[in-house]
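J.: Before anything else, here's the structure in question.
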Amino acid sequence: MCKAMEELCNERAKEAVIYEKIQIAVNLLNRGKETFEEIAEDSGLTLEEVQELAKELDHVTA
């Protein structure tokens, strides 16, 4: 496989992992039963990323 194609595949794989982490965090945030710290630990996101997601969800549901 050429270098450019390999890099594209690697980038897409990274994006898929990030998307999955975000989906996990969103599901946990929607349940509202865990702290931001617990959600960060369970999803693999940082505490700051979870807090930002929570803000974004509040804007969507408001």
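FYI, nothing fancy with the structure tokens labels: chains A, B, ... in order, residues from 1 per chain, ligands from 1 as they appear.
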In chain A, what's alpha helix (DSSP H) per DSSP? Answer as number ranges by chain?

T.: A: 3-31, 36-43, 47-61

J.: Mind pulling up the distance from CA of Lys55 in chain A to CA of Ala25 in chain A?

T.: 12.5 Å

J.: Give me the residues near Glu41 in chain A as a short mmCIF file (atom, residue, chain, number, x, y, z; two decimals) with C-alpha atoms, in the first residue's frame, where near means some atom within 12 Å (using only C-alpha atoms) and where sequence neighbours in that chain fewer than 5 positions away do not count.

T.:
```cif
data_model
loop_
_atom_site.label_atom_id
_atom_site.label_comp_id
_atom_site.auth_asym_id
_atom_site.auth_seq_id
_atom_site.Cartn_x
_atom_site.Cartn_y
_atom_site.Cartn_z
CA LYS A 21 -15.04 7.54 23.00
CA ILE A 24 -19.61 6.44 25.19
CA ALA A 25 -19.30 9.74 27.04
CA LEU A 28 -23.10 8.23 30.09
CA GLU A 34 -22.00 9.35 36.98
CA THR A 35 -19.63 12.20 37.73
CA PHE A 36 -17.60 13.86 35.01
CA THR A 46 -10.00 13.82 29.47
CA LEU A 47 -12.00 15.52 32.20
CA GLU A 48 -11.90 18.73 30.16
CA GLU A 49 -13.26 16.96 27.08
CA VAL A 50 -16.13 15.49 29.09
#
```

J.: Out of A:Leu29, A:His59, A:Arg12, A:Lys3, which residue has the shortest atom-to-atom distance to Ser43 in chain A when counting only C-alpha atoms?

T.: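 Between A:Leu29, A:His59, A:Arg12, A:Lys3, the residue approaching Ser43 in chain A most closely is A:Leu29.
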
J.: Go ahead and compute the interatomic distance for CA of Lys33 in chain A and CA of Lys14 in chain A, in Å to one decimal.

T.: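 These two atoms are separated by 28.5 Å.
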
J.: Measure the distance from CA of Asn10 in chain A to CA of Ile39 in chain A in Å and round it to one decimal.

T.: 26.3 Å

J.: Find the spatial neighbours of Glu20 in chain A, counting only C-alpha atoms, within a cut-off of 12 Å - ignore same-chain residues fewer than 5 positions away - and output them as a list of chain:residue names.

T.: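 Counting only the stated atoms, we get A:Ala13, A:Lys14, A:Glu15, A:Ala25, A:Val26, A:Asn27, A:Asp42, A:Ser43, A:Gly44, A:Leu45.
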
J.: Would you export the selected residues with N, CA, C and O atoms as a PDB file, in the first residue's frame, please?

T.:
```pdb
ATOM      1  N   ALA A  13      -8.740   5.517  11.241  1.00  0.00           N
ATOM      2  CA  ALA A  13      -8.810   4.639  12.416  1.00  0.00           C
ATOM      3  C   ALA A  13      -8.776   5.462  13.701  1.00  0.00           C
ATOM      4  O   ALA A  13      -9.540   5.201  14.641  1.00  0.00           O
ATOM      5  N   LYS A  14      -7.938   6.480  13.735  1.00  0.00           N
ATOM      6  CA  LYS A  14      -7.869   7.365  14.907  1.00  0.00           C
ATOM      7  C   LYS A  14      -9.194   8.098  15.105  1.00  0.00           C
ATOM      8  O   LYS A  14      -9.676   8.236  16.229  1.00  0.00           O
ATOM      9  N   GLU A  15      -9.768   8.579  14.018  1.00  0.00           N
ATOM     10  CA  GLU A  15     -11.052   9.280  14.096  1.00  0.00           C
ATOM     11  C   GLU A  15     -12.149   8.356  14.613  1.00  0.00           C
ATOM     12  O   GLU A  15     -13.000   8.775  15.391  1.00  0.00           O
ATOM     13  N   ALA A  25     -19.136   8.631  26.107  1.00  0.00           N
ATOM     14  CA  ALA A  25     -19.304   9.741  27.041  1.00  0.00           C
ATOM     15  C   ALA A  25     -20.693  10.357  26.936  1.00  0.00           C
ATOM     16  O   ALA A  25     -21.321  10.661  27.955  1.00  0.00           O
ATOM     17  N   VAL A  26     -21.180  10.543  25.725  1.00  0.00           N
ATOM     18  CA  VAL A  26     -22.517  11.121  25.533  1.00  0.00           C
ATOM     19  C   VAL A  26     -23.579  10.222  26.158  1.00  0.00           C
ATOM     20  O   VAL A  26     -24.480  10.702  26.856  1.00  0.00           O
ATOM     21  N   ASN A  27     -23.471   8.927  25.947  1.00  0.00           N
ATOM     22  CA  ASN A  27     -24.427   8.001  26.547  1.00  0.00           C
ATOM     23  C   ASN A  27     -24.406   8.089  28.070  1.00  0.00           C
ATOM     24  O   ASN A  27     -25.458   8.118  28.715  1.00  0.00           O
ATOM     25  N   ASP A  42     -14.192   6.175  32.287  1.00  0.00           N
ATOM     26  CA  ASP A  42     -14.863   5.107  31.541  1.00  0.00           C
ATOM     27  C   ASP A  42     -14.753   5.267  30.027  1.00  0.00           C
ATOM     28  O   ASP A  42     -14.711   4.289  29.289  1.00  0.00           O
ATOM     29  N   SER A  43     -14.715   6.504  29.553  1.00  0.00           N
ATOM     30  CA  SER A  43     -14.707   6.753  28.110  1.00  0.00           C
ATOM     31  C   SER A  43     -13.311   6.873  27.515  1.00  0.00           C
ATOM     32  O   SER A  43     -13.139   6.697  26.311  1.00  0.00           O
ATOM     33  N   GLY A  44     -12.333   7.197  28.351  1.00  0.00           N
ATOM     34  CA  GLY A  44     -10.991   7.420  27.829  1.00  0.00           C
ATOM     35  C   GLY A  44     -10.747   8.848  27.385  1.00  0.00           C
ATOM     36  O   GLY A  44      -9.687   9.167  26.856  1.00  0.00           O
ATOM     37  N   LEU A  45     -11.727   9.719  27.607  1.00  0.00           N
ATOM     38  CA  LEU A  45     -11.552  11.138  27.314  1.00  0.00           C
ATOM     39  C   LEU A  45     -10.967  11.835  28.536  1.00  0.00           C
ATOM     40  O   LEU A  45     -11.001  11.298  29.641  1.00  0.00           O
TER      41      LEU A  45
END
```
